[in-house]
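Trainee: Before I ask anything, here is the structure I am working with.
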Amino acid sequence: MGDHRGKSLVLVASPFQGHMTPMLQLGGVLHSKGFSITIAHTKLNSPDPSNHPEFAFLPLFDKFLAIDASGNFTKFLEELNENCKMQLQHHLAQKITNEVNQKITIIHDNIMYFAEEVARNLNLPSIVFRSCSACYLPAYLKLPQLHAEGLLPVKDYMLQKLVPELHPLRFKDLPFNNTSTELFKEMLALAERIRTPSAIIWNTIDFLEHSVLTQLRKHYKIPIFDIGPLNEMARCSSTSFLEEDTNCISWLDKQAPRSVIYVSLGSLATMDETELAETAWGLADSKQPFLWVVRPGSVNGSEWIEFLPDGFMEEIKGRGLVLKWVPQKQVLAHAAVGGFWSHCGWNSTLESISKGVPMICRPVMGDQCVNARYLSFIWRVGLELEYLERKVIVNAIRRLLVDDEGKEIRKRAITMKEKVKYSLCKGGSSFNSLNDLVEYIVQDHT
Ligand code: UDP
């Protein structure tokens with residue numbers, strides 16, 4: 001372990017679960033390299049300091065009480081950034097005055113772009129942290145051009161066609177292809193605003209995204225440190241905003257090896273009542289044991305599972321478990337889990353790949369669509385679930401857990417898990433990249 005105690009890192013986290021978790025993991029990894037770590041975070045969805053005694057915490061008192069997924073996302077981001085800017089600047093200016101020998105570097109979540117301005121104002125080095133896949137960015141950046149060419153929003157007959165210059169993505173895999181016009185316009189506006197940072201830390205692995213990382217390095221001409229998967233590197237305790245129901249582990253202990261399908265749509269995605277019913281009957285009719293996370297509020301118009309179809313709970317007694325939130329990494333590591341039906345958020349993707357669990361891919365929005373295409377078509381460790389209909393669901397679950405096709409997919413998933421391990425060992429790509437990052441920070445690139 002190097003000792004960089006003279007160097008203080010301020011990690012500016014965003015209030016989304018899928019961003020907060022890897023940021024805290026990054027903090028853990030850099031702390032183990034000898035840096036002192038401060039997590040600057042919003043009051044909304046703040047991490048629990050008692051879970052991370054090794055960090056200092058700097059709360060930024062934003063005025064938001066909740067993330068409004070149906071509201072104006074750009075406006076939300078703008079206000080969030082505006083709210084936090086002066087507080088961070090004020091705090092850091094004081095820190096600089098009080099601790100003359102401390103050298104500070106800011107590492108900020110890409111959506112907390114105000115931190116870049118603070119760094120510039122105080123003449124501090126800053127690095128962007130990206131918690132999405134690398135393959136998502138070229139697709140996202142292409143949106144304005146496709147829009148200008150009249151190809152977006154995507155027309156039904158175009159959905160299966162390949163997008164020019166974005167192999168292997170089809171139009172249906174583009175982020176925000178099926179979203180409302182309003183949200184879509186906001187996303188376009190954000191894509192136009194992405195600036196070139198001085199360096200990027202990416203929670204990804206070279207072997208997974210080699211060609212797109214090469215392309216991005218060429219494009220940006222700045223250091224890109226691909227140091228993932230952070231979920232395997234950091235010894236973090238819980239980073240969940242919701243309470244984890246650990247009863248699922250003793251339930252999993254009673255199930256046969258590789259028999260359970262684990263289902264979760266992450267921390268943001270929602271479904272409607274019909275989708276809920278189709279999912280429920282698909283799981284019931286598959287005749288496989290299942291662990292299904294239904295987040296409170298994730299079914300439009302309901303608090304939790306009041307919209308589950310009549311008779312469902314009786315039907316699945318002893319074979320299925322429906323919970324609000326679980327310790328997902330532990331679940332995926334459990335021998336009883338044979339497959340993960342996922343919305344393909346990037347953390348879930350990396351967590352599943354790291355544990356060698358094959359997937360059923362049912363993306364809902366944004367980067368998930370891109371990740372799902374890579375999982376099913378390029379890495380071939382997942383099956384694409386084309387329609388949310390009970391028969392299609394039964395078919396997908398049985399293909400993955402029972403049929404020979406599933407065995408082949410599992411073999412590839414296990415091979416991938418081994419590759420992940422190698423990338424983290426001495427001499428592996430992520431191991432080397434992390435050392436390069438430490439060097440870069442120590443050298444002080446103001
Ligand atoms: N997660 C969890 N318990 C659950 C469901 C999800 O701990 O019951 C975690 C999961 O391990 C992952 C994160 O929530 O780290 C979700 O992040 P992801 O990027 O997959 O999706 P997002 O929530 O950003 O859409």
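Naming works like this for the structure tokens: A, B, ... for the chains as they're shown, residue 1 at the start of each chain, ligands 1 onward in shown order.
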Write out as a ChimeraX atom specification each polymer residue whose atoms come within 12 Å of Ile67 in chain A, counting only C-alpha atoms; drop sequence neighbours fewer than 3 positions from it.
Mentor: /A:14-17,42-45,62-64,70-77,80,267-268
Trainee: What residues of the protein or nucleic acid chains come within 7 Å of ligand 1 when you use only C-alpha atoms and all ligand atoms? Reply as a VMD selection string.
Mentor: chain A and resid 16 to 19 21 240 244 264 to 269 293 324 to 329 344 to 349 351
Trainee: Counting only C-alpha atoms, give me one row per residue of range 222-285 of chain A with an atom at most 12 Å from an atom of range 127-135 of chain A, showing the shortest contact pair and its distance in Å to one decimal, sorted by chain then residue number, as CSV.
Mentor:
```
residue,atom,partner,partner_atom,distance
A:Ile222,CA,A:Ile127,CA,10.7
A:Pro223,CA,A:Ile127,CA,9.8
A:Ile224,CA,A:Val128,CA,9.6
A:Phe225,CA,A:Phe129,CA,9.5
A:Asp226,CA,A:Ala134,CA,9.3
A:Ile227,CA,A:Phe129,CA,10.7
A:Gly228,CA,A:Ser131,CA,9.7
A:Pro229,CA,A:Ser131,CA,10.1
A:Leu230,CA,A:Ser131,CA,9.7
A:Asn231,CA,A:Ser131,CA,11.4
```
Trainee: Grab the residues selected above and save them as a CSV table (one decimal), in the first residue's frame with C-alpha atoms.
Mentor:
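result22.csv written:
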```csv
chain,number,residue,atom,x,y,z
A,222,ILE,CA,-7.2,12.3,-22.2
A,223,PRO,CA,-6.3,9.5,-19.7
A,224,ILE,CA,-9.1,7.1,-19.2
A,225,PHE,CA,-8.7,4.7,-16.2
A,226,ASP,CA,-10.9,1.6,-16.6
A,227,ILE,CA,-10.6,0.2,-13.1
A,228,GLY,CA,-13.7,-1.9,-12.6
A,229,PRO,CA,-15.6,-3.8,-11.5
A,230,LEU,CA,-15.6,-1.8,-8.3
A,231,ASN,CA,-18.1,-4.1,-6.7
```
Trainee: One number please: CA of Gly34 in chain A to CA of Ile107 in chain A, in Å, one decimal.
Mentor: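 Result for CA of Gly34 in chain A versus CA of Ile107 in chain A: 15.8 Å, one decimal.
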Trainee: Leaving out Pro138 in chain A and any residue of its chain fewer than 3 positions from it, which residues lie within 12 Å of it when counting only C-alpha atoms, given as a PyMOL selection string?
Mentor: chain A and resi 132-135+141-145+163+165-169+174-175+191+194+211-217+219-220+367+370
Trainee: Keeping C-alpha atoms for every residue in the selection just given, could you write it to a file as a PDB file, in the first residue's frame?
Mentor:
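Produced file again-v3.pdb, reproduced below:
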```pdb
ATOM      1  CA  CYS A 132     -22.308   3.746 -16.618  1.00  0.00           C
ATOM      2  CA  SER A 133     -20.887   1.425 -19.245  1.00  0.00           C
ATOM      3  CA  ALA A 134     -18.450   2.863 -21.780  1.00  0.00           C
ATOM      4  CA  CYS A 135     -20.532   1.482 -24.666  1.00  0.00           C
ATOM      5  CA  LEU A 141     -23.597  11.220 -28.020  1.00  0.00           C
ATOM      6  CA  LYS A 142     -25.022  10.090 -31.338  1.00  0.00           C
ATOM      7  CA  LEU A 143     -28.587  11.060 -30.389  1.00  0.00           C
ATOM      8  CA  PRO A 144     -28.461  14.701 -31.541  1.00  0.00           C
ATOM      9  CA  GLN A 145     -27.198  13.658 -34.999  1.00  0.00           C
ATOM     10  CA  VAL A 163     -27.855   2.056 -36.340  1.00  0.00           C
ATOM     11  CA  GLU A 165     -21.714   3.428 -37.204  1.00  0.00           C
ATOM     12  CA  LEU A 166     -22.945   2.079 -33.874  1.00  0.00           C
ATOM     13  CA  HIS A 167     -22.476  -1.653 -34.299  1.00  0.00           C
ATOM     14  CA  PRO A 168     -23.989  -3.792 -32.713  1.00  0.00           C
ATOM     15  CA  LEU A 169     -26.802  -1.481 -31.654  1.00  0.00           C
ATOM     16  CA  LEU A 174     -30.662   3.326 -28.365  1.00  0.00           C
ATOM     17  CA  PRO A 175     -31.017   5.095 -25.051  1.00  0.00           C
ATOM     18  CA  ALA A 191     -25.924  15.275 -24.640  1.00  0.00           C
ATOM     19  CA  ILE A 194     -21.103  17.114 -22.257  1.00  0.00           C
ATOM     20  CA  SER A 211     -12.892  -1.530 -28.647  1.00  0.00           C
ATOM     21  CA  VAL A 212     -15.191   1.194 -27.406  1.00  0.00           C
ATOM     22  CA  LEU A 213     -12.616   2.294 -24.820  1.00  0.00           C
ATOM     23  CA  THR A 214     -10.004   2.516 -27.582  1.00  0.00           C
ATOM     24  CA  GLN A 215     -12.407   4.631 -29.609  1.00  0.00           C
ATOM     25  CA  LEU A 216     -13.124   6.898 -26.622  1.00  0.00           C
ATOM     26  CA  ARG A 217      -9.414   7.345 -25.839  1.00  0.00           C
ATOM     27  CA  HIS A 219     -11.763  10.785 -29.323  1.00  0.00           C
ATOM     28  CA  TYR A 220     -11.058  12.444 -25.964  1.00  0.00           C
ATOM     29  CA  ASP A 367     -28.044   2.872 -20.788  1.00  0.00           C
ATOM     30  CA  VAL A 370     -27.291  -0.621 -24.661  1.00  0.00           C
TER      31      VAL A 370
END
```
Trainee: Which residue is closest to Arg295 in chain A? Choose from A:Ile353, A:Leu276, A:Asn371, A:Arg319 and count only C-alpha atoms.
Mentor: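 The shortest atom-to-atom distance to Arg295 in chain A comes from A:Leu276.
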Trainee: Calculated over only C-alpha atoms, which of the candidates A:Val357, A:Leu375, A:Ile200, A:Leu323 has the smallest distance to Ser126 in chain A?
Mentor: A:Ile200
Trainee: As a PyMOL selection string, list the residues of range 89-175 of chain A assigned to strand (DSSP E or B) by DSSP on the backbone atoms of this structure.
Mentor: chain A and resi 103-109+126-130+162+170
